[in-house]
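Chemist: The structure under discussion is supplied below as structure tokens; questions concerning it will follow.
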Amino acid sequence: MASIKRFEAIEILDSLGFPTLRGRLYLDNGDFVELDIPSPVVSDPKEPVALRDGGKRFLGYGMRRAAQIITEGVTQKLKGVSVFKQKEIDLWLEKADSTLRKEVLGVSTLLLVSLLVAKAAAKVKGEPLFKYINELYKSYFKEEIILGSFPTIVITLINGGKHVNNPLDFKEFYLIPSSSYKFDQALEIAMSSYHKLKETLEYRNISTSTADLGGFSPNIYSNLDALELITESVLKLDLKPGVDVFLGVDVGADDFYSSSGYKLSENPQAKRAEEFYKYIAGFVKNYNVLYLEDIFSRKDTKNWKQFYQDFSEYYYVSLDHMEAFGKEGLENLVKEKLGNAVVIKLLHYGNLLSLFKDIDFCRKNKITYVFCQEVSETNQSFIADLAVGLQSGFVKFGAPVRGERVVKYNRLLEIQKELENLK
């Protein structure tokens, strides 16, 4: 049984140009595995944080201390431990930093160690990472997740919201190829739609500048116009909306909600809660929308409950950030009937065990879980193996462009072949 010889970590830059970590785990048999991990830059007040150095270097975002903790401290504690002791290692990581926001060691510091151990164990066993993750989950919860399906891709085509330099209020506008297509076919549809949308924008003399996730950032005011542009583009490809492809939105409603209501750029006055509900209900019916995320403010519980009651049978009503509140947040989602799907981001977890616990809860309560990339990313594909190994309903990796996004889609192409070989 291979055991840990040492860890090494260094600073690297993520897709936004901020420091993050690259780690290596060396085994006593002379082998090693390597992994890059994203690190949070701007986070919700309740979400975990990275351990940053402060000071002037890298504007305070440096991560030398975090790298040193892994290289020296973690090596000292875990040297000689078998890589197949994942649960014990994860429990040790939880004790090493038991704070809610991982303020002692940083979430990326802890998560990098946990993921390196799993990657090393899969390599020692000589099996694909997704298969090892699947087996690891089964060993924890005594439930077999059948590797029988492939996550449906939710592709970012247009970006808006407060972090993008355009007037659109909604954060993201998605294209979702039908689950009836094999993954490689779905990816072809996504790629073709992305480039056809660019042609459509150019034809209409609209800017084709892009945002951090690779989606276009057109200078338009109406959220409905964004849906119209995507629909126009897929029709040009002879695809049938509602049959071949569906649409989705991340509304990000908290960003334009206040005590006076929902303030949209396209309207001079804020919409009252009941008016905004009708606005949302109208476009989901008219634009073949399948997936909706953060459609109301977290303070607007009444609308969440009403929408779930009216539409959860027909649409995926998803909440981001719910998992950041841990078990209590997920239990509240079920108890209050706020949604039927939840976004899962790795940086909300300090280790695999804590992630698995939320997946277990979702599965027991029939909540669809959606594995999602970070805004600041690395050229690493671990999340693709997680999504397949744990049979995620959807994956959101951004647009089908840029290395840090494409590497995850390319890994899914590889997994598709590996799954075929397992049958």
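By convention here, the chains of the structure tokens are called A, B, ... in the order presented, each chain's residues are numbered starting at 1, and ligands are numbered starting at 1 in the order presented.
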Residues near Asn365 in chain A, anyone? I mean within 9 Å using only C-alpha atoms, not counting same-chain ones fewer than 4 positions away, as a VMD selection string.
Modeler: chain A and resid 334 360 to 361
Chemist: The selected residues should be written to file as an mmCIF file, in the first residue's frame (atoms: C-alpha atoms).
Modeler:
data_model
loop_
_atom_site.group_PDB
_atom_site.id
_atom_site.type_symbol
_atom_site.label_atom_id
_atom_site.label_comp_id
_atom_site.auth_asym_id
_atom_site.auth_seq_id
_atom_site.Cartn_x
_atom_site.Cartn_y
_atom_site.Cartn_z
ATOM 1 C CA VAL A 334 -36.112 21.105 1.771
ATOM 2 C CA ASP A 360 -25.678 12.299 0.431
ATOM 3 C CA PHE A 361 -28.269 14.765 1.749
#
Chemist: Give me, as an mmCIF file with N, CA and C atoms, in the first residue's frame, all polymer residues having an atom no more than 9 Å from Phe394 in chain A, counting only C-alpha atoms and skipping those fewer than 2 positions away in the same chain.
Modeler:
data_model
loop_
_atom_site.group_PDB
_atom_site.id
_atom_site.type_symbol
_atom_site.label_atom_id
_atom_site.label_comp_id
_atom_site.auth_asym_id
_atom_site.auth_seq_id
_atom_site.Cartn_x
_atom_site.Cartn_y
_atom_site.Cartn_z
ATOM 1 N N PHE A 150 -24.729 10.630 -17.780
ATOM 2 C CA PHE A 150 -23.709 11.650 -17.932
ATOM 3 C C PHE A 150 -24.329 12.995 -17.575
ATOM 4 N N PRO A 151 -23.605 13.861 -16.872
ATOM 5 C CA PRO A 151 -24.192 15.163 -16.535
ATOM 6 C C PRO A 151 -24.581 15.953 -17.781
ATOM 7 N N THR A 152 -25.687 16.655 -17.697
ATOM 8 C CA THR A 152 -26.104 17.552 -18.775
ATOM 9 C C THR A 152 -25.330 18.855 -18.651
ATOM 10 N N ILE A 153 -24.796 19.340 -19.764
ATOM 11 C CA ILE A 153 -23.977 20.561 -19.707
ATOM 12 C C ILE A 153 -24.860 21.809 -19.803
ATOM 13 N N VAL A 154 -24.550 22.764 -18.943
ATOM 14 C CA VAL A 154 -25.204 24.073 -18.931
ATOM 15 C C VAL A 154 -24.144 25.076 -19.376
ATOM 16 N N THR A 368 -31.553 17.860 -7.077
ATOM 17 C CA THR A 368 -30.571 17.784 -8.153
ATOM 18 C C THR A 368 -29.372 18.653 -7.802
ATOM 19 N N TYR A 369 -28.170 18.092 -7.892
ATOM 20 C CA TYR A 369 -26.984 18.885 -7.589
ATOM 21 C C TYR A 369 -26.226 19.190 -8.872
ATOM 22 N N VAL A 370 -25.730 20.417 -8.919
ATOM 23 C CA VAL A 370 -25.127 20.981 -10.123
ATOM 24 C C VAL A 370 -23.679 21.356 -9.805
ATOM 25 N N PHE A 371 -22.713 20.628 -10.363
ATOM 26 C CA PHE A 371 -21.317 20.968 -10.123
ATOM 27 C C PHE A 371 -20.923 22.168 -10.982
ATOM 28 N N CYS A 372 -20.337 23.154 -10.322
ATOM 29 C CA CYS A 372 -20.095 24.437 -10.974
ATOM 30 C C CYS A 372 -18.643 24.889 -10.793
ATOM 31 N N ALA A 387 -18.067 15.171 -10.933
ATOM 32 C CA ALA A 387 -19.432 15.252 -11.453
ATOM 33 C C ALA A 387 -19.907 13.918 -12.004
ATOM 34 N N GLN A 391 -22.413 11.360 -10.199
ATOM 35 C CA GLN A 391 -23.616 11.429 -11.041
ATOM 36 C C GLN A 391 -24.412 12.724 -10.836
ATOM 37 N N SER A 392 -23.718 13.822 -11.023
ATOM 38 C CA SER A 392 -24.362 15.131 -10.975
ATOM 39 C C SER A 392 -25.389 15.262 -12.093
ATOM 40 N N LYS A 396 -21.794 23.079 -14.796
ATOM 41 C CA LYS A 396 -21.636 24.429 -15.334
ATOM 42 C C LYS A 396 -20.157 24.771 -15.308
#
Chemist: Suppose you want the space between CA of Val343 in chain A and CA of Lys366 in chain A; what is it in Å?
Modeler: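 One can read the CA of Val343 in chain A to CA of Lys366 in chain A distance as 14.0 Å.
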Chemist: For the alpha helix (DSSP H) assignment from backbone DSSP, which residues of range 165-329 of chain A qualify? Please present them as number ranges by chain.
Modeler: A: 183-203, 223-236, 273-286, 301-311, 326-329
Chemist: Give me the residues within 10 Å of Phe141 in chain A as number ranges by chain, counting only C-alpha atoms and dropping any in the same chain fewer than 2 places off.
Modeler: A: 136-139, 143-144, 356-357, 360
Chemist: Save out the residues we just selected, N, CA and C atoms, as a CSV table (one decimal), in the first residue's frame.
Modeler:
chain,number,residue,atom,x,y,z
A,136,LEU,N,-15.2,5.5,-3.5
A,136,LEU,CA,-15.0,6.1,-2.2
A,136,LEU,C,-16.3,6.6,-1.5
A,137,TYR,N,-17.2,7.1,-2.3
A,137,TYR,CA,-18.5,7.5,-1.8
A,137,TYR,C,-19.3,6.3,-1.3
A,138,LYS,N,-19.2,5.2,-2.0
A,138,LYS,CA,-19.9,4.0,-1.6
A,138,LYS,C,-19.4,3.5,-0.3
A,139,SER,N,-18.1,3.6,-0.1
A,139,SER,CA,-17.5,3.1,1.2
A,139,SER,C,-17.9,4.0,2.4
A,143,GLU,N,-23.9,3.3,-0.1
A,143,GLU,CA,-24.9,3.5,-1.2
A,143,GLU,C,-24.1,3.4,-2.5
A,144,GLU,N,-24.5,2.6,-3.4
A,144,GLU,CA,-23.9,2.5,-4.7
A,144,GLU,C,-24.5,3.5,-5.7
A,356,PHE,N,-19.1,15.1,0.3
A,356,PHE,CA,-19.9,13.9,0.2
A,356,PHE,C,-21.1,14.0,1.1
A,357,LYS,N,-21.0,14.6,2.2
A,357,LYS,CA,-22.1,14.6,3.1
A,357,LYS,C,-23.3,15.4,2.5
A,360,ASP,N,-24.8,13.3,-0.2
A,360,ASP,CA,-25.7,12.3,0.4
A,360,ASP,C,-27.0,12.9,0.8
Chemist: Which neighbours of Lys102 in chain A fall inside 10 Å, counting only C-alpha atoms, when residues of the same chain fewer than 6 positions from it are skipped, and could you give them as number ranges by chain?
Modeler: A: 47-51, 94, 96, 108-110, 348-350
Chemist: Using C-alpha atoms, can you write the selected residues to a file as a PDB file, in the first residue's frame?
Modeler:
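Resulting contents of result_19.pdb:
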ATOM      1  CA  GLU A  47     -18.403  31.537   2.465  1.00  0.00           C
ATOM      2  CA  PRO A  48     -14.964  30.055   3.151  1.00  0.00           C
ATOM      3  CA  VAL A  49     -11.873  32.168   2.425  1.00  0.00           C
ATOM      4  CA  ALA A  50      -8.327  31.595   1.229  1.00  0.00           C
ATOM      5  CA  LEU A  51      -5.317  32.127   3.468  1.00  0.00           C
ATOM      6  CA  GLU A  94     -11.593  19.312   9.636  1.00  0.00           C
ATOM      7  CA  ALA A  96      -7.020  21.335  11.863  1.00  0.00           C
ATOM      8  CA  SER A 108      -7.929  26.073  -0.796  1.00  0.00           C
ATOM      9  CA  THR A 109      -5.068  24.931   1.468  1.00  0.00           C
ATOM     10  CA  LEU A 110      -7.217  22.213   3.019  1.00  0.00           C
ATOM     11  CA  HIS A 348     -17.288  25.721  -0.271  1.00  0.00           C
ATOM     12  CA  TYR A 349     -15.702  22.567   1.164  1.00  0.00           C
ATOM     13  CA  GLY A 350     -12.442  21.968   2.949  1.00  0.00           C
TER      14      GLY A 350
END
Chemist: Taking 2 positions as the minimum chain separation for residues in the same chain, which residues sit within 10 Å of range 206-210 of chain A when counting only C-alpha atoms? Answer as a ChimeraX atom specification.
Modeler: /A:157-159,164-165,197-204,212-220,399
Chemist: Looking at A:Val249, A:Leu319, A:Leu93, A:Ala121, which one is nearest to Asn223 in chain A, with distances taken over only C-alpha atoms?
Modeler: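 Under the stated criterion, the closest residue is A:Val249.
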